[in-house]
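Heads up: the structure comes next, in structure tokens.
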Amino acid sequence: LSRFHFMRAFRSTVGDSPSAYAHKVLMARARTLLATNERPIGEIARELGYQTSAAFSAAFKRHCGRSPRAWRGGLR
């Protein structure tokens, strides 16, 4: 299976590119971690594979529309 055919089949089956799907799964995990514990955001960022909490915060804000801290605060 070529890369092109894999990506076309994946998109037609899932509705997203493989990278977009992986990012959605990662952000769902981030929301779960933020909602279920009080660990520091930097620790969660490292667990999810981000080099810095700033990079994680920027990606989270692009995806969810709010910073991780604001999102977590909205749950209370």
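In the structure tokens, chains take the letters A, B, ... in the order shown, each chain's residues start at 1, and ligands count up from 1 in the order shown.
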> Can you list, as number ranges by chain, every protein, DNA or RNA residue that comes within 10 Å of stretch 28-33 of chain A when you count only C-alpha atoms, leaving out same-chain residues fewer than 6 positions away?
Replying inline: A: 22, 39, 41, 44-45, 47-48, 56, 60, 64, 68, 71-72
>> To one decimal place in Å, what is the distance between atom CA of A:Arg62 and atom CA of A:Ser17?
In response: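 Here the two named atoms are 17.4 Å from each other.
The smallest atom-to-atom distance between A:Ser67 and any of A:Pro18, A:Glu43, A:Leu34, A:Arg11, using only C-alpha atoms, is found for A:Leu34.
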> Separation of atom CA of A:Leu1 and atom CA of A:Val25, in Å?
Replying inline: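 So the two atoms, atom CA of A:Leu1 and atom CA of A:Val25, lie 24.2 Å apart.
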